[in-house]
file model_4.cif (mmCIF, C-alpha atoms)
data_coords
loop_
_atom_site.label_atom_id
_atom_site.label_comp_id
_atom_site.auth_asym_id
_atom_site.auth_seq_id
_atom_site.Cartn_x
_atom_site.Cartn_y
_atom_site.Cartn_z
CA MET R 1 -61.12 103.16 128.59
CA ALA R 2 -61.11 100.48 125.89
CA GLU R 3 -63.13 100.58 122.68
CA ARG R 4 -66.56 99.02 123.32
CA ASN R 5 -68.30 98.90 119.93
CA LEU R 6 -66.45 96.01 118.31
CA ASP R 7 -69.15 93.35 117.92
CA PHE R 8 -70.19 93.93 114.33
CA ASP R 9 -72.44 90.86 114.27
CA ILE R 10 -75.02 92.65 116.44
CA ILE R 11 -78.11 93.53 114.41
CA ILE R 12 -79.27 96.99 115.45
CA ASN R 13 -82.91 97.80 114.75
CA ARG R 14 -82.77 101.08 112.82
CA LYS R 15 -86.47 101.19 111.99
CA ASN R 16 -88.47 104.13 113.31
CA THR R 17 -85.28 106.10 113.96
CA GLN R 18 -85.75 108.62 111.10
CA CYS R 19 -83.29 106.48 109.16
CA LEU R 20 -83.14 107.17 105.43
CA LYS R 21 -82.04 103.60 104.78
CA TYR R 22 -84.84 101.83 106.67
CA ASP R 23 -87.75 104.25 107.15
CA PHE R 24 -88.26 105.76 103.71
CA ALA R 25 -88.80 102.80 101.40
CA GLU R 26 -92.41 103.64 100.55
CA LYS R 27 -91.66 107.34 100.09
CA ARG R 28 -88.92 106.33 97.66
CA GLY R 29 -91.30 104.08 95.68
CA MET R 30 -90.21 100.77 97.20
CA PRO R 31 -92.31 98.06 98.85
CA LYS R 32 -92.57 98.58 102.59
CA ASP R 33 -90.89 95.28 103.48
CA VAL R 34 -87.69 95.54 101.39
CA LEU R 35 -84.33 94.83 103.00
CA PRO R 36 -82.18 97.92 102.29
CA LEU R 37 -78.52 97.64 101.33
CA TRP R 38 -78.36 100.66 99.06
CA VAL R 39 -77.13 103.93 100.56
CA ALA R 40 -73.51 103.97 101.72
CA ASP R 41 -73.84 104.07 105.47
CA MET R 42 -73.02 101.24 107.85
CA ASP R 43 -75.33 99.22 110.08
CA PHE R 44 -72.70 99.34 112.84
CA LYS R 45 -72.34 101.56 115.88
CA THR R 46 -69.51 104.01 115.47
CA SER R 47 -66.47 104.06 117.75
CA SER R 48 -67.40 104.29 121.41
CA TYR R 49 -64.95 107.19 121.70
CA VAL R 50 -67.09 109.14 119.21
CA GLU R 51 -70.24 108.06 121.02
CA ASP R 52 -68.84 109.24 124.37
CA ALA R 53 -67.61 112.57 122.96
CA LEU R 54 -71.04 113.32 121.52
CA ALA R 55 -72.77 112.33 124.75
CA ALA R 56 -70.50 114.61 126.75
CA LYS R 57 -71.22 117.52 124.42
CA ALA R 58 -74.96 116.81 124.62
CA ARG R 59 -74.82 116.98 128.42
CA GLU R 60 -73.49 120.54 128.20
CA GLY R 61 -76.93 121.48 126.92
CA ILE R 62 -75.77 124.45 124.84
CA PHE R 63 -75.42 124.15 121.07
CA GLY R 64 -74.52 127.64 119.92
CA TYR R 65 -72.41 128.78 116.99
CA SER R 66 -69.14 126.87 117.06
CA GLU R 67 -65.78 126.70 115.37
CA PRO R 68 -63.05 124.08 115.87
CA LEU R 69 -59.98 124.81 117.94
CA GLU R 70 -56.43 123.57 117.44
CA PRO R 71 -57.07 119.96 118.62
CA TYR R 72 -59.51 119.52 115.72
CA PHE R 73 -56.92 120.47 113.12
CA GLU R 74 -54.27 118.37 114.83
CA ALA R 75 -56.59 115.34 114.67
CA VAL R 76 -57.33 115.87 110.98
CA LYS R 77 -53.69 116.44 110.09
CA GLY R 78 -52.62 113.46 112.22
CA TRP R 79 -55.04 111.10 110.47
CA MET R 80 -53.97 112.18 107.00
CA GLN R 81 -50.32 111.77 107.92
CA MET R 82 -50.69 108.42 109.68
CA TYR R 83 -52.92 106.65 107.18
CA HIS R 84 -52.06 108.38 103.91
CA GLY R 85 -48.60 109.84 104.39
CA TRP R 86 -49.98 113.25 103.46
CA THR R 87 -48.69 116.35 105.24
CA VAL R 88 -51.43 118.98 105.15
CA GLN R 89 -51.63 122.56 106.33
CA GLU R 90 -54.44 124.00 108.41
CA ASP R 91 -55.12 126.87 106.02
CA TRP R 92 -55.81 124.43 103.19
CA ILE R 93 -58.92 123.13 104.95
CA VAL R 94 -62.37 124.39 104.06
CA LYS R 95 -65.20 122.73 105.99
CA THR R 96 -68.45 121.96 104.15
CA PRO R 97 -71.68 120.14 105.13
CA GLY R 98 -70.71 117.19 102.93
CA VAL R 99 -68.71 116.19 99.87
CA VAL R 100 -71.65 116.55 97.47
CA VAL R 101 -72.05 120.16 98.63
CA ALA R 102 -68.36 120.66 97.85
CA LEU R 103 -68.82 119.20 94.37
CA ALA R 104 -71.66 121.60 93.66
CA LEU R 105 -69.66 124.56 94.97
CA ALA R 106 -66.72 123.56 92.78
CA VAL R 107 -68.95 123.49 89.70
CA LYS R 108 -70.07 127.04 90.44
CA ALA R 109 -66.60 128.26 91.38
CA PHE R 110 -64.63 126.89 88.44
CA THR R 111 -67.04 126.70 85.48
CA ALA R 112 -69.67 128.81 83.74
CA PRO R 113 -73.21 127.82 82.66
CA GLY R 114 -73.04 125.61 79.58
CA ASP R 115 -69.50 124.37 80.27
CA GLY R 116 -68.75 120.66 80.19
CA VAL R 117 -67.54 118.88 83.31
CA LEU R 118 -65.71 115.59 82.87
CA LEU R 119 -66.32 112.45 84.93
CA GLN R 120 -65.82 108.69 84.53
CA GLN R 121 -69.02 106.65 84.40
CA PRO R 122 -70.32 104.43 85.83
CA VAL R 123 -69.78 106.77 88.77
CA TYR R 124 -71.44 108.01 91.97
CA TYR R 125 -74.64 109.54 90.62
CA PRO R 126 -74.57 112.90 92.50
CA PHE R 127 -71.58 113.77 90.29
CA SER R 128 -73.89 114.00 87.31
CA GLU R 129 -76.68 115.63 89.31
CA VAL R 130 -74.65 118.58 90.59
CA ILE R 131 -73.30 119.18 87.09
CA ALA R 132 -76.66 119.10 85.32
CA ASP R 133 -78.61 120.84 88.09
CA ASN R 134 -76.20 123.79 87.87
CA GLY R 135 -76.65 124.18 84.12
CA ARG R 136 -73.42 122.50 83.03
CA ARG R 137 -72.95 119.57 80.66
CA VAL R 138 -72.05 116.06 81.80
CA VAL R 139 -69.18 114.67 79.72
CA SER R 140 -68.11 111.08 80.39
CA ASN R 141 -64.77 109.41 79.85
CA THR R 142 -66.47 106.05 80.33
CA LEU R 143 -64.40 103.38 82.07
CA ILE R 144 -63.58 100.20 80.16
CA GLN R 145 -64.30 96.84 81.79
CA GLY R 146 -62.04 93.95 80.87
CA GLU R 147 -63.11 90.33 80.60
CA ASP R 148 -61.85 89.76 84.16
CA GLY R 149 -64.23 92.43 85.47
CA HIS R 150 -61.38 94.88 86.09
CA TYR R 151 -62.05 98.49 85.03
CA HIS R 152 -59.51 100.61 83.17
CA ILE R 153 -59.23 104.23 82.07
CA ASP R 154 -59.32 105.05 78.37
CA PHE R 155 -56.62 107.73 78.47
CA GLU R 156 -56.85 108.57 74.78
CA ASP R 157 -60.56 109.25 75.13
CA PHE R 158 -59.88 111.20 78.34
CA GLU R 159 -57.61 113.66 76.57
CA ARG R 160 -59.76 113.77 73.46
CA LYS R 161 -62.84 114.71 75.51
CA ILE R 162 -60.91 117.47 77.27
CA VAL R 163 -59.90 118.99 73.95
CA GLN R 164 -63.16 118.47 72.05
CA GLU R 165 -65.43 119.60 74.89
CA ASN R 166 -63.15 122.41 76.11
CA ILE R 167 -63.08 120.90 79.60
CA GLY R 168 -61.82 122.96 82.53
CA LEU R 169 -63.02 120.78 85.42
CA PHE R 170 -62.69 117.04 86.07
CA PHE R 171 -64.36 115.05 88.84
CA LEU R 172 -62.07 112.20 89.92
CA CYS R 173 -63.54 109.43 92.11
CA SER R 174 -60.71 107.81 94.07
CA PRO R 175 -61.24 105.09 95.21
CA HIS R 176 -63.88 104.72 92.57
CA ASN R 177 -67.53 104.29 93.53
CA PRO R 178 -69.14 101.98 92.40
CA VAL R 179 -66.56 99.90 90.48
CA GLY R 180 -64.18 99.69 93.43
CA ARG R 181 -60.93 100.61 91.68
CA VAL R 182 -58.02 101.95 93.69
CA TRP R 183 -56.14 103.89 91.04
CA SER R 184 -52.41 103.22 90.85
CA GLU R 185 -49.84 105.98 91.08
CA ALA R 186 -49.08 105.50 87.39
CA GLU R 187 -52.74 105.89 86.42
CA LEU R 188 -53.18 108.99 88.57
CA CYS R 189 -50.01 110.57 87.21
CA ARG R 190 -51.08 109.97 83.64
CA LEU R 191 -54.44 111.63 84.37
CA GLY R 192 -52.71 114.44 86.23
CA ASP R 193 -50.22 115.17 83.47
CA ILE R 194 -53.02 115.38 80.91
CA CYS R 195 -54.94 117.78 83.17
CA LEU R 196 -51.84 119.91 83.69
CA ALA R 197 -51.20 120.08 79.95
CA HIS R 198 -54.71 121.38 79.29
CA GLY R 199 -55.29 123.58 82.35
CA VAL R 200 -57.93 121.32 83.93
CA ILE R 201 -58.82 121.64 87.63
CA VAL R 202 -59.23 118.29 89.40
CA VAL R 203 -61.83 117.81 92.12
CA SER R 204 -60.85 114.50 93.71
CA ASP R 205 -63.53 112.80 95.79
CA GLU R 206 -61.47 110.68 98.21
CA ILE R 207 -64.19 110.04 100.78
CA HIS R 208 -63.59 106.27 100.60
CA GLN R 209 -59.82 106.63 101.03
CA ASP R 210 -59.75 104.68 104.31
CA PHE R 211 -61.29 101.52 102.83
CA VAL R 212 -58.60 100.03 100.61
CA PHE R 213 -58.19 96.26 100.46
CA SER R 214 -55.92 95.85 97.45
CA GLY R 215 -53.26 98.28 96.30
CA LYS R 216 -52.59 101.57 98.08
CA HIS R 217 -54.60 104.75 98.06
CA ARG R 218 -52.54 107.66 96.81
CA VAL R 219 -53.78 111.16 97.46
CA PHE R 220 -53.82 112.76 94.02
CA ALA R 221 -52.71 116.18 95.29
CA ASP R 222 -49.75 114.64 97.10
CA LEU R 223 -48.20 112.97 94.04
CA LYS R 224 -46.68 116.16 92.59
CA ALA R 225 -46.57 119.77 93.72
CA ALA R 226 -48.04 120.71 90.36
CA TYR R 227 -51.06 118.50 91.05
CA ALA R 228 -51.62 120.16 94.43
CA ALA R 229 -51.87 123.50 92.61
CA ILE R 230 -54.82 122.28 90.49
CA SER R 231 -56.54 120.12 93.13
CA VAL R 232 -59.56 120.23 95.39
CA THR R 233 -59.41 117.12 97.61
CA CYS R 234 -62.67 116.08 99.25
CA THR R 235 -62.54 114.02 102.45
CA SER R 236 -64.80 113.25 105.38
CA PRO R 237 -64.92 110.98 108.42
CA SER R 238 -68.50 110.13 107.43
CA LYS R 239 -67.84 106.92 105.49
CA THR R 240 -64.98 105.76 107.71
CA PHE R 241 -66.84 106.19 111.01
CA ASN R 242 -70.50 106.08 109.92
CA LEU R 243 -71.14 109.76 110.60
CA ALA R 244 -72.94 110.86 107.42
CA GLY R 245 -75.88 112.36 109.32
CA LEU R 246 -73.56 114.83 111.08
CA ASN R 247 -72.84 116.64 107.80
CA LEU R 248 -69.17 117.51 107.96
CA SER R 249 -66.43 117.25 105.36
CA ASN R 250 -62.87 118.55 105.20
CA ILE R 251 -61.98 119.92 101.76
CA PHE R 252 -58.27 120.53 101.11
CA ILE R 253 -57.35 123.28 98.62
CA PRO R 254 -53.62 124.14 98.68
CA ASN R 255 -53.82 126.77 95.91
CA PRO R 256 -54.95 130.04 97.57
CA LYS R 257 -56.56 131.36 94.38
CA LEU R 258 -58.68 128.24 93.94
CA ARG R 259 -59.45 128.24 97.66
CA GLN R 260 -60.67 131.83 97.53
CA LYS R 261 -62.97 131.11 94.58
CA PHE R 262 -64.35 128.06 96.38
CA LYS R 263 -64.89 129.95 99.65
CA LYS R 264 -66.70 132.72 97.77
CA GLN R 265 -69.27 130.20 96.57
CA LEU R 266 -69.51 128.75 100.09
CA ALA R 267 -70.35 132.22 101.42
CA ALA R 268 -72.77 132.86 98.55
CA ALA R 269 -74.65 129.71 99.57
CA GLY R 270 -75.05 131.13 103.07
CA ILE R 271 -72.83 128.51 104.71
CA SER R 272 -70.63 129.63 107.59
CA GLN R 273 -70.32 127.67 110.86
CA LEU R 274 -71.18 123.98 110.78
CA GLY R 275 -72.90 121.95 113.49
CA ILE R 276 -70.95 121.41 116.70
CA MET R 277 -71.73 117.67 116.76
CA GLY R 278 -70.01 117.08 113.44
CA LEU R 279 -66.91 118.90 114.66
CA VAL R 280 -66.85 116.94 117.93
CA ALA R 281 -67.33 113.61 116.15
CA CYS R 282 -64.62 114.29 113.58
CA GLU R 283 -62.06 115.23 116.24
CA ALA R 284 -62.85 112.19 118.38
CA ALA R 285 -62.84 109.81 115.42
CA TYR R 286 -59.52 110.93 113.99
CA SER R 287 -57.79 111.21 117.36
CA GLN R 288 -59.14 108.10 119.14
CA GLY R 289 -61.00 105.90 116.64
CA GLY R 290 -58.11 104.07 114.99
CA PHE R 291 -58.66 100.73 116.75
CA TRP R 292 -62.37 100.68 115.82
CA TYR R 293 -61.52 101.62 112.24
CA GLU R 294 -59.02 98.78 111.84
CA ALA R 295 -61.53 96.30 113.28
CA VAL R 296 -64.44 97.37 111.10
CA LYS R 297 -62.25 97.34 108.01
CA LYS R 298 -61.28 93.72 108.68
CA TYR R 299 -64.90 92.73 109.29
CA ILE R 300 -66.00 94.30 106.02
CA ALA R 301 -63.15 92.60 104.13
CA ASP R 302 -64.32 89.25 105.51
CA ASN R 303 -67.90 90.10 104.52
CA MET R 304 -66.85 90.77 100.93
CA ALA R 305 -64.82 87.56 100.72
CA PHE R 306 -67.89 85.69 102.00
CA ALA R 307 -70.06 87.38 99.37
CA ARG R 308 -67.61 86.49 96.58
CA ASP R 309 -67.66 82.82 97.58
CA TYR R 310 -71.45 82.82 97.87
CA VAL R 311 -71.91 84.39 94.44
CA GLN R 312 -69.55 81.88 92.83
CA LYS R 313 -71.29 78.93 94.47
CA TYR R 314 -74.96 79.85 94.39
CA LEU R 315 -75.63 82.64 91.88
CA PRO R 316 -75.11 81.35 88.32
CA GLY R 317 -74.82 84.13 85.76
CA VAL R 318 -73.80 86.67 88.42
CA LYS R 319 -70.25 87.95 88.73
CA LEU R 320 -68.56 89.78 91.56
CA LYS R 321 -65.11 91.31 91.24
CA LEU R 322 -64.01 92.11 94.77
CA PRO R 323 -63.54 95.87 95.14
CA GLU R 324 -60.01 97.10 95.68
CA GLY R 325 -61.54 99.94 97.69
CA THR R 326 -64.85 101.12 99.23
CA TYR R 327 -67.28 98.84 101.08
CA LEU R 328 -69.61 98.72 98.08
CA MET R 329 -69.85 95.64 95.83
CA TRP R 330 -70.68 95.88 92.13
CA LEU R 331 -72.74 92.82 91.15
CA ASP R 332 -72.82 92.00 87.43
CA PHE R 333 -76.07 90.29 86.38
CA ARG R 334 -75.63 90.62 82.62
CA GLU R 335 -75.04 86.91 82.00
CA THR R 336 -78.34 86.00 83.65
CA GLY R 337 -80.10 87.10 80.45
CA LEU R 338 -82.32 89.53 82.34
CA SER R 339 -83.01 92.92 80.81
CA ALA R 340 -82.28 95.95 82.98
CA ASP R 341 -86.00 96.35 83.68
CA ALA R 342 -86.48 92.66 84.48
CA LEU R 343 -83.44 92.73 86.77
CA GLU R 344 -84.82 95.70 88.64
CA ASP R 345 -88.20 94.01 89.04
CA MET R 346 -86.59 90.81 90.29
CA ILE R 347 -84.44 92.59 92.87
CA VAL R 348 -87.21 94.79 94.24
CA HIS R 349 -90.36 92.69 93.94
CA ARG R 350 -89.11 89.10 94.11
CA ALA R 351 -86.00 89.32 96.22
CA LYS R 352 -87.53 92.22 98.20
CA LEU R 353 -84.23 94.08 98.28
CA TRP R 354 -83.49 97.77 98.02
CA LEU R 355 -80.14 98.05 96.26
CA ASP R 356 -78.76 100.77 94.01
CA SER R 357 -79.61 100.02 90.40
CA GLY R 358 -76.55 100.22 88.17
CA ARG R 359 -78.43 102.43 85.73
CA ILE R 360 -78.33 105.43 88.06
CA PHE R 361 -74.52 105.47 87.74
CA GLY R 362 -74.74 106.03 83.97
CA ASP R 363 -75.55 103.94 80.90
CA ALA R 364 -72.48 101.77 81.51
CA GLY R 365 -74.07 100.56 84.75
CA ALA R 366 -77.03 98.81 83.11
CA GLY R 367 -77.18 95.18 84.23
CA PHE R 368 -75.42 95.84 87.54
CA GLN R 369 -76.56 96.34 91.11
CA ARG R 370 -74.56 98.00 93.90
CA ILE R 371 -74.80 96.36 97.32
CA ASN R 372 -73.43 97.62 100.63
CA ALA R 373 -71.21 95.16 102.54
CA ALA R 374 -71.02 97.25 105.73
CA CYS R 375 -73.65 95.30 107.64
CA PRO R 376 -73.77 92.31 109.99
CA ARG R 377 -72.91 89.03 108.26
CA ALA R 378 -76.41 87.68 108.92
CA VAL R 379 -77.96 90.62 107.05
CA LEU R 380 -75.63 90.19 104.08
CA THR R 381 -76.32 86.45 104.04
CA GLU R 382 -80.06 87.08 103.99
CA ALA R 383 -79.72 89.51 101.08
CA LEU R 384 -77.69 87.03 99.03
CA ARG R 385 -80.11 84.24 99.93
CA ARG R 386 -82.99 86.35 98.61
CA ILE R 387 -81.17 86.91 95.31
CA ARG R 388 -80.52 83.15 95.04
CA TRP R 389 -84.19 82.38 95.66
CA ALA R 390 -85.35 85.02 93.17
CA LEU R 391 -83.01 83.77 90.44
CA ASN R 392 -84.14 80.18 90.97
CA ALA R 393 -87.78 81.21 90.99
#

call {"tool": "encode", "arguments": {"input": "model_4.cif", "output": "structure tokens"}}
result
Amino acid sequence: MAERNLDFDIIINRKNTQCLKYDFAEKRGMPKDVLPLWVADMDFKTSSYVEDALAAKAREGIFGYSEPLEPYFEAVKGWMQMYHGWTVQEDWIVKTPGVVVALALAVKAFTAPGDGVLLQQPVYYPFSEVIADNGRRVVSNTLIQGEDGHYHIDFEDFERKIVQENIGLFFLCSPHNPVGRVWSEAELCRLGDICLAHGVIVVSDEIHQDFVFSGKHRVFADLKAAYAAISVTCTSPSKTFNLAGLNLSNIFIPNPKLRQKFKKQLAAAGISQLGIMGLVACEAAYSQGGFWYEAVKKYIADNMAFARDYVQKYLPGVKLKLPEGTYLMWLDFRETGLSADALEDMIVHRAKLWLDSGRIFGDAGAGFQRINAACPRAVLTEALRRIRWALNA
């Protein structure tokens, strides 16, 4: 049977479906009629192979405690090998109900209350939340943006912060959300060597690893055996196949001592078996969803190229550096002359858009807005048209 869900121009009505993106604007303090392009899920149907596998499981009518069998692990290992050249072992894998859960567990497993945890702002805001909410200190090696909009790592500051703040844990975002960098092998090795020299554990969030449009994603743990020994690599089919609501992530921890500490915190949180639907979807996606994945990746790339051209032509004072990775675009409004508060008011109340304000990613995000490109072209066009109208108004 051929893949069916390949028409990404279809607008699917997600309202009144218990959808966080569309049904909770008012509860989140937004006007009821905003167009949402904030949270990182897609407005596309997933692969029909995933859809069919879930439907078949639903028809069984029994949803008891479940664990994956060998085909699940073969699918996961096959995907990592095919798309990332990474040979993984089954016993490395720890399943969690999401990457953010894994980040929180890592904070508890590898640090003590009051310790500093290093990250690179502007960065995915749950990084900071799971650090602070667990009584640790957020320490930022803030990324440097060049005049061309390209972000770089300040390696001297990175090492200085590790030493000064006695850092033992670093959250790496690769590819980076929201700035869209796909870190080069040289950059990752320089970070890794510094972490090795100072005994720092690296939790690498690689959930966006399948959306790379420029450069090549390199799995941090696969670059050197020594990096694997200090790494916790967080992956999930959720971004790639639009499965976030099924709450399943595969966390790879090659070092048995680190893995045991992590699993102890998993057990302490009362987490054992995960939902059967997440397991079924992951296996189907990784074993049969490759054609859908390649098609949606191309569609999103075309969407982002369209957005770049639109911004250049119609949005004076706004800049868009196409992301090397992720399907999230980082719009720079700083040359419009709007303050951060005025920008937020314009986006929400004039343009009637629900985007992610750059400020939630750290102080370095002020003046930016993050917008999701994984939607039908007509929806993206309408969002950009609203920004154009609001700026002109």

call {"tool": "residues_around", "arguments": {"input": "model_4.cif", "residues": "range 92-107 of chain R", "least_positions_apart": "6", "cutoff": "6 Å", "atoms": "only C-alpha atoms", "output": "ChimeraX atom specification"}}
result
/R:130,247-254,265

call {"tool": "closest_atom_pairs", "arguments": {"input": "model_4.cif", "of": "range 186-276 of chain R", "to": "range 66-83 of chain R", "cutoff": "10 Å", "atoms": "only C-alpha atoms", "output": "Markdown table"}}
result
| residue | atom | partner | partner_atom | distance |
| --- | --- | --- | --- | --- |
| R:Gln209 | CA | R:Tyr83 | CA | 9.2 |
| R:Asp210 | CA | R:Tyr83 | CA | 7.7 |
| R:His217 | CA | R:Tyr83 | CA | 9.5 |
| R:Val219 | CA | R:Met80 | CA | 9.6 |
| R:Thr235 | CA | R:Met80 | CA | 9.9 |
| R:Ser236 | CA | R:Val76 | CA | 9.7 |
| R:Pro237 | CA | R:Val76 | CA | 9.4 |
| R:Asn250 | CA | R:Val76 | CA | 8.4 |
| R:Ser272 | CA | R:Glu67 | CA | 9.6 |
| R:Gln273 | CA | R:Ser66 | CA | 6.4 |
| R:Leu274 | CA | R:Ser66 | CA | 7.2 |
| R:Gly275 | CA | R:Ser66 | CA | 7.1 |
| R:Ile276 | CA | R:Ser66 | CA | 5.8 |

call {"tool": "atom_distance", "arguments": {"input": "model_4.cif", "atom1": "CA of Pro178 in chain R", "atom2": "CA of Asn16 in chain R"}}
result
28.6 Å

call {"tool": "atom_distance", "arguments": {"input": "model_4.cif", "atom1": "CA of Ala132 in chain R", "atom2": "CA of Val203 in chain R"}}
result
16.4 Å

call {"tool": "atom_distance", "arguments": {"input": "model_4.cif", "atom1": "CA of Ile371 in chain R", "atom2": "CA of Gly325 in chain R"}}
result
13.7 Å

call {"tool": "resolve_selection", "arguments": {"input": "model_4.cif", "expression": "the PyMOL selection byres ((chain R and resi 215) around 12)", "output": "ChimeraX atom specification"}}
result
/R:175,180-185,209,211-214,216-218,323-325

call {"tool": "closest_residue", "arguments": {"input": "model_4.cif", "among": "R:Phe44, R:Tyr327, R:Tyr49, R:Phe24", "to": "Val379 in chain R", "atoms": "only C-alpha atoms"}}
result
R:Phe44

call {"tool": "residues_around", "arguments": {"input": "model_4.cif", "residues": "Lys352 in chain R", "least_positions_apart": "3", "cutoff": "8 Å", "atoms": "all atoms listed in the file", "output": "list in words"}}
result
Pro31, Asp33, Val34, Leu35, Ile347, Val348, His349 and Arg386 of chain R

call {"tool": "closest_residue", "arguments": {"input": "model_4.cif", "among": "R:Asn166, R:Trp86, R:Ile300, R:Leu118", "to": "Phe220 in chain R", "atoms": "all atoms listed in the file"}}
result
R:Trp86

call {"tool": "residues_around", "arguments": {"input": "model_4.cif", "residues": "range 140-151 of chain R", "least_positions_apart": "4", "cutoff": "8 Å", "atoms": "all atoms listed in the file", "output": "compact mmCIF listing (two decimals) with C-alpha atoms, keeping the file's coordinate frame"}}
result
# COMPACT_ATOMS: atom_id res chain seq x y z
CA LEU R 118 -65.71 115.59 82.87
CA LEU R 119 -66.32 112.45 84.93
CA GLN R 120 -65.82 108.69 84.53
CA GLN R 121 -69.02 106.65 84.40
CA PRO R 122 -70.32 104.43 85.83
CA ASP R 157 -60.56 109.25 75.13
CA PHE R 158 -59.88 111.20 78.34
CA LYS R 161 -62.84 114.71 75.51
CA VAL R 179 -66.56 99.90 90.48
CA ARG R 181 -60.93 100.61 91.68
CA LEU R 320 -68.56 89.78 91.56
CA LYS R 321 -65.11 91.31 91.24
CA ALA R 364 -72.48 101.77 81.51

call {"tool": "closest_residue", "arguments": {"input": "model_4.cif", "among": "R:Leu322, R:Gln260, R:Val202, R:Val39", "to": "Asp309 in chain R", "atoms": "all atoms listed in the file"}}
result
R:Leu322

call {"tool": "closest_residue", "arguments": {"input": "model_4.cif", "among": "R:Asn177, R:Ala229, R:Cys19, R:Gly168", "to": "Asp356 in chain R", "atoms": "only C-alpha atoms"}}
result
R:Asn177

call {"tool": "residues_around", "arguments": {"input": "model_4.cif", "residues": "Arg385 in chain R", "least_positions_apart": "3", "cutoff": "10 Å", "atoms": "all atoms listed in the file", "output": "MDAnalysis selection string"}}
result
chainID R and resid 310:311 314:315 351 379:382 388:391

call {"tool": "closest_residue", "arguments": {"input": "model_4.cif", "among": "R:His198, R:His208, R:Arg28, R:Lys319", "to": "His176 in chain R", "atoms": "all atoms listed in the file"}}
result
R:His208

call {"tool": "resolve_selection", "arguments": {"input": "model_4.cif", "expression": "the PyMOL selection byres ((chain R and resi 231) around 12)", "output": "number ranges by chain"}}
result
R: 92, 106, 110, 169-172, 192, 195-196, 199-206, 219-230, 232-234, 251-259, 262
